[in-house]
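Below: input37.cif (mmCIF, C-alpha atoms)
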```cif
data_start
loop_
_atom_site.group_PDB
_atom_site.id
_atom_site.type_symbol
_atom_site.label_atom_id
_atom_site.label_comp_id
_atom_site.auth_asym_id
_atom_site.auth_seq_id
_atom_site.Cartn_x
_atom_site.Cartn_y
_atom_site.Cartn_z
ATOM 1 C CA MET I 124 0.000 0.000 0.000
ATOM 2 C CA THR I 125 1.487 3.353 -0.986
ATOM 3 C CA ALA I 126 0.219 5.150 2.128
ATOM 4 C CA GLY I 127 3.185 3.575 3.925
ATOM 5 C CA VAL I 128 5.451 5.772 1.846
ATOM 6 C CA VAL I 129 4.052 8.888 3.472
ATOM 7 C CA ALA I 130 3.830 7.281 6.909
ATOM 8 C CA SER I 131 7.477 6.254 6.805
ATOM 9 C CA GLY I 132 8.666 9.710 5.802
ATOM 10 C CA ARG I 133 10.232 8.428 2.580
ATOM 11 C CA GLY I 134 7.847 10.213 0.257
ATOM 12 C CA LEU I 135 5.892 13.356 -0.277
ATOM 13 C CA TRP I 136 2.138 13.593 -0.706
ATOM 14 C CA TYR I 137 2.403 14.935 -4.232
ATOM 15 C CA LYS I 138 4.377 11.844 -5.279
ATOM 16 C CA ASN I 139 1.794 9.545 -3.754
ATOM 17 C CA GLY I 140 -1.179 8.676 -5.982
ATOM 18 C CA TYR I 141 -3.059 7.241 -2.999
ATOM 19 C CA ALA I 142 -2.869 10.552 -1.174
ATOM 20 C CA MET I 143 -3.987 12.495 -4.225
ATOM 21 C CA SER I 144 -7.008 10.301 -4.848
ATOM 22 C CA GLY I 145 -9.433 12.676 -3.147
ATOM 23 C CA ASN I 146 -10.550 9.873 -0.829
ATOM 24 C CA ASN I 147 -11.400 11.815 2.325
ATOM 25 C CA GLY I 148 -11.099 8.744 4.575
ATOM 26 C CA ALA I 149 -7.665 8.011 3.169
ATOM 27 C CA LEU I 150 -6.609 11.607 3.745
ATOM 28 C CA HIS I 151 -7.752 11.467 7.368
ATOM 29 C CA GLU I 152 -5.777 8.257 7.929
ATOM 30 C CA GLU I 153 -2.716 9.729 6.214
ATOM 31 C CA LEU I 154 -2.851 12.805 8.447
ATOM 32 C CA LYS I 155 -3.306 10.729 11.598
ATOM 33 C CA GLN I 156 -0.201 8.753 10.649
ATOM 34 C CA PHE I 157 1.607 12.043 9.956
ATOM 35 C CA ILE I 158 0.688 13.382 13.429
ATOM 36 C CA VAL I 159 1.777 10.205 15.222
ATOM 37 C CA ARG I 160 5.031 9.941 13.253
ATOM 38 C CA ARG I 161 5.908 13.630 13.368
ATOM 39 C CA LEU I 162 5.328 13.902 17.123
ATOM 40 C CA ARG I 163 6.875 10.499 17.831
ATOM 41 C CA LEU I 164 3.738 9.253 19.573
ATOM 42 C CA GLU I 165 4.749 5.585 19.396
ATOM 43 C CA GLN I 166 2.167 4.614 22.022
ATOM 44 C CA VAL I 167 -0.727 6.122 20.009
ATOM 45 C CA ASP I 168 -2.586 4.087 17.401
ATOM 46 C CA PRO I 169 -3.431 6.505 14.552
ATOM 47 C CA LYS I 170 -6.766 4.715 14.066
ATOM 48 C CA ALA I 171 -7.720 5.582 17.654
ATOM 49 C CA ILE I 172 -7.578 9.322 16.936
ATOM 50 C CA ARG I 173 -11.096 10.656 16.358
ATOM 51 C CA ASP I 174 -11.488 12.901 13.322
ATOM 52 C CA ASP I 175 -13.468 15.508 15.263
ATOM 53 C CA ALA I 176 -11.501 15.411 18.538
ATOM 54 C CA PRO I 177 -9.680 18.628 19.441
ATOM 55 C CA LEU I 178 -5.935 18.248 18.931
ATOM 56 C CA VAL I 179 -5.277 20.671 21.795
ATOM 57 C CA GLY I 180 -6.977 19.686 25.020
ATOM 58 C CA GLY I 181 -8.444 16.556 23.420
ATOM 59 C CA GLY I 182 -7.323 12.958 23.599
ATOM 60 C CA LEU I 183 -3.837 13.759 22.317
ATOM 61 C CA ASP I 184 -3.543 16.834 24.573
ATOM 62 C CA LEU I 185 -1.043 18.560 22.283
ATOM 63 C CA ASP I 186 0.698 21.721 23.403
ATOM 64 C CA SER I 187 2.103 24.712 21.516
ATOM 65 C CA ILE I 188 5.440 22.976 20.878
ATOM 66 C CA ASP I 189 3.598 20.021 19.315
ATOM 67 C CA LEU I 190 1.582 22.370 17.111
ATOM 68 C CA LEU I 191 4.756 24.126 15.988
ATOM 69 C CA GLU I 192 6.234 20.745 15.067
ATOM 70 C CA LEU I 193 3.126 19.958 13.013
ATOM 71 C CA VAL I 194 3.356 23.326 11.236
ATOM 72 C CA VAL I 195 6.999 22.637 10.368
ATOM 73 C CA GLY I 196 6.055 19.132 9.215
ATOM 74 C CA LEU I 197 3.244 20.425 7.008
ATOM 75 C CA GLU I 198 5.699 22.762 5.328
ATOM 76 C CA LYS I 199 8.483 20.187 4.901
ATOM 77 C CA GLU I 200 6.407 17.156 3.958
ATOM 78 C CA TYR I 201 3.386 18.703 2.277
ATOM 79 C CA GLY I 202 4.745 22.015 0.995
ATOM 80 C CA LEU I 203 1.954 23.867 2.848
ATOM 81 C CA LYS I 204 2.583 27.106 4.705
ATOM 82 C CA ILE I 205 0.368 28.357 7.495
ATOM 83 C CA ALA I 206 0.407 32.140 7.288
ATOM 84 C CA ASP I 207 -0.340 33.184 10.867
ATOM 85 C CA VAL I 208 -1.324 32.034 14.344
ATOM 86 C CA ALA I 209 -5.064 32.513 13.793
ATOM 87 C CA GLU I 210 -4.964 30.403 10.641
ATOM 88 C CA GLY I 211 -2.899 27.776 12.457
ATOM 89 C CA ARG I 212 -5.419 27.561 15.297
ATOM 90 C CA ARG I 213 -8.254 27.073 12.812
ATOM 91 C CA ILE I 214 -6.403 24.497 10.716
ATOM 92 C CA LEU I 215 -4.990 22.487 13.638
ATOM 93 C CA LYS I 216 -8.253 22.370 15.584
ATOM 94 C CA SER I 217 -8.869 18.704 14.680
ATOM 95 C CA VAL I 218 -8.005 16.060 12.108
ATOM 96 C CA ASP I 219 -11.187 17.098 10.266
ATOM 97 C CA SER I 220 -10.086 20.737 9.988
ATOM 98 C CA LEU I 221 -6.557 19.729 8.997
ATOM 99 C CA ALA I 222 -7.884 17.367 6.312
ATOM 100 C CA GLU I 223 -10.185 20.069 4.966
ATOM 101 C CA TYR I 224 -7.234 22.483 4.675
ATOM 102 C CA VAL I 225 -4.991 19.924 2.973
ATOM 103 C CA ALA I 226 -7.769 18.863 0.580
ATOM 104 C CA VAL I 227 -8.434 22.482 -0.441
ATOM 105 C CA LYS I 228 -4.732 23.115 -1.007
ATOM 106 C CA ARG I 229 -4.442 19.931 -3.061
ATOM 107 C CA GLY I 230 -7.572 20.766 -5.005
ATOM 108 C CA THR I 231 -9.264 17.486 -3.997
ATOM 109 C CA SER I 232 -12.070 18.829 -1.831
#
```

Whole structure, C-alpha coordinates version:
Amino acid sequence: MTAGVVASGRGLWYKNGYAMSGNNGALHEELKQFIVRRLRLEQVDPKAIRDDAPLVGGGLDLDSIDLLELVVGLEKEYGLKIADVAEGRRILKSVDSLAEYVAVKRGTS
(Lines of atoms letter the chains of each structure in order from A and count residues from 1; the text may use other names and numbers.)
(Lines give C-alpha, C1' and ligand atoms only; values in the text may rest on other atoms or scores of the structure.)
Protein backbone atom coordinates (compact mmCIF):
# COMPACT_ATOMS: atom_id res chain seq x y z
CA MET A 1 0.00 0.00 0.00
CA THR A 2 1.49 3.35 -0.99
CA ALA A 3 0.22 5.15 2.13
CA GLY A 4 3.18 3.57 3.92
CA VAL A 5 5.45 5.77 1.85
CA VAL A 6 4.05 8.89 3.47
CA ALA A 7 3.83 7.28 6.91
CA SER A 8 7.48 6.25 6.81
CA GLY A 9 8.67 9.71 5.80
CA ARG A 10 10.23 8.43 2.58
CA GLY A 11 7.85 10.21 0.26
CA LEU A 12 5.89 13.36 -0.28
CA TRP A 13 2.14 13.59 -0.71
CA TYR A 14 2.40 14.93 -4.23
CA LYS A 15 4.38 11.84 -5.28
CA ASN A 16 1.79 9.55 -3.75
CA GLY A 17 -1.18 8.68 -5.98
CA TYR A 18 -3.06 7.24 -3.00
CA ALA A 19 -2.87 10.55 -1.17
CA MET A 20 -3.99 12.50 -4.23
CA SER A 21 -7.01 10.30 -4.85
CA GLY A 22 -9.43 12.68 -3.15
CA ASN A 23 -10.55 9.87 -0.83
CA ASN A 24 -11.40 11.81 2.33
CA GLY A 25 -11.10 8.74 4.57
CA ALA A 26 -7.66 8.01 3.17
CA LEU A 27 -6.61 11.61 3.75
CA HIS A 28 -7.75 11.47 7.37
CA GLU A 29 -5.78 8.26 7.93
CA GLU A 30 -2.72 9.73 6.21
CA LEU A 31 -2.85 12.81 8.45
CA LYS A 32 -3.31 10.73 11.60
CA GLN A 33 -0.20 8.75 10.65
CA PHE A 34 1.61 12.04 9.96
CA ILE A 35 0.69 13.38 13.43
CA VAL A 36 1.78 10.20 15.22
CA ARG A 37 5.03 9.94 13.25
CA ARG A 38 5.91 13.63 13.37
CA LEU A 39 5.33 13.90 17.12
CA ARG A 40 6.88 10.50 17.83
CA LEU A 41 3.74 9.25 19.57
CA GLU A 42 4.75 5.58 19.40
CA GLN A 43 2.17 4.61 22.02
CA VAL A 44 -0.73 6.12 20.01
CA ASP A 45 -2.59 4.09 17.40
CA PRO A 46 -3.43 6.51 14.55
CA LYS A 47 -6.77 4.72 14.07
CA ALA A 48 -7.72 5.58 17.65
CA ILE A 49 -7.58 9.32 16.94
CA ARG A 50 -11.10 10.66 16.36
CA ASP A 51 -11.49 12.90 13.32
CA ASP A 52 -13.47 15.51 15.26
CA ALA A 53 -11.50 15.41 18.54
CA PRO A 54 -9.68 18.63 19.44
CA LEU A 55 -5.93 18.25 18.93
CA VAL A 56 -5.28 20.67 21.80
CA GLY A 57 -6.98 19.69 25.02
CA GLY A 58 -8.44 16.56 23.42
CA GLY A 59 -7.32 12.96 23.60
CA LEU A 60 -3.84 13.76 22.32
CA ASP A 61 -3.54 16.83 24.57
CA LEU A 62 -1.04 18.56 22.28
CA ASP A 63 0.70 21.72 23.40
CA SER A 64 2.10 24.71 21.52
CA ILE A 65 5.44 22.98 20.88
CA ASP A 66 3.60 20.02 19.31
CA LEU A 67 1.58 22.37 17.11
CA LEU A 68 4.76 24.13 15.99
CA GLU A 69 6.23 20.74 15.07
CA LEU A 70 3.13 19.96 13.01
CA VAL A 71 3.36 23.33 11.24
CA VAL A 72 7.00 22.64 10.37
CA GLY A 73 6.06 19.13 9.22
CA LEU A 74 3.24 20.42 7.01
CA GLU A 75 5.70 22.76 5.33
CA LYS A 76 8.48 20.19 4.90
CA GLU A 77 6.41 17.16 3.96
CA TYR A 78 3.39 18.70 2.28
CA GLY A 79 4.75 22.01 0.99
CA LEU A 80 1.95 23.87 2.85
CA LYS A 81 2.58 27.11 4.71
CA ILE A 82 0.37 28.36 7.49
CA ALA A 83 0.41 32.14 7.29
CA ASP A 84 -0.34 33.18 10.87
CA VAL A 85 -1.32 32.03 14.34
CA ALA A 86 -5.06 32.51 13.79
CA GLU A 87 -4.96 30.40 10.64
CA GLY A 88 -2.90 27.78 12.46
CA ARG A 89 -5.42 27.56 15.30
CA ARG A 90 -8.25 27.07 12.81
CA ILE A 91 -6.40 24.50 10.72
CA LEU A 92 -4.99 22.49 13.64
CA LYS A 93 -8.25 22.37 15.58
CA SER A 94 -8.87 18.70 14.68
CA VAL A 95 -8.00 16.06 12.11
CA ASP A 96 -11.19 17.10 10.27
CA SER A 97 -10.09 20.74 9.99
CA LEU A 98 -6.56 19.73 9.00
CA ALA A 99 -7.88 17.37 6.31
CA GLU A 100 -10.18 20.07 4.97
CA TYR A 101 -7.23 22.48 4.67
CA VAL A 102 -4.99 19.92 2.97
CA ALA A 103 -7.77 18.86 0.58
CA VAL A 104 -8.43 22.48 -0.44
CA LYS A 105 -4.73 23.12 -1.01
CA ARG A 106 -4.44 19.93 -3.06
CA GLY A 107 -7.57 20.77 -5.00
CA THR A 108 -9.26 17.49 -4.00
CA SER A 109 -12.07 18.83 -1.83

Exercise. Fewer than 2 positions away in the same chain doesn't count, so skip those; otherwise give me all residues within 12 Å of region 210-215 of chain I, counting all atoms listed in the file, as a PyMOL selection string.
Key: chain I and resi 154+158+174-181+185-187+189-195+197+203-208+217-228

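Note that CA of Arg161 (chain I) and CA of Gly196 (chain I) are 6.9 Å apart.
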
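The space separating CA of Arg229 (chain I) from CA of Lys199 (chain I) comes to 15.2 Å.
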
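For the structure shown here, the set of residues caught by the PyMOL selection byres ((chain I and resi 171) around 12) is I:His151, I:Glu152, I:Lys155, I:Gln156, I:Val159, I:Gln166, I:Val167, I:Asp168, I:Pro169, I:Lys170, I:Ile172, I:Arg173, I:Asp174, I:Asp175, I:Ala176, I:Gly182, I:Leu183, I:Val218.
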
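Going from CA of Gly202 (chain I) to CA of Glu165 (chain I) covers 24.7 Å.
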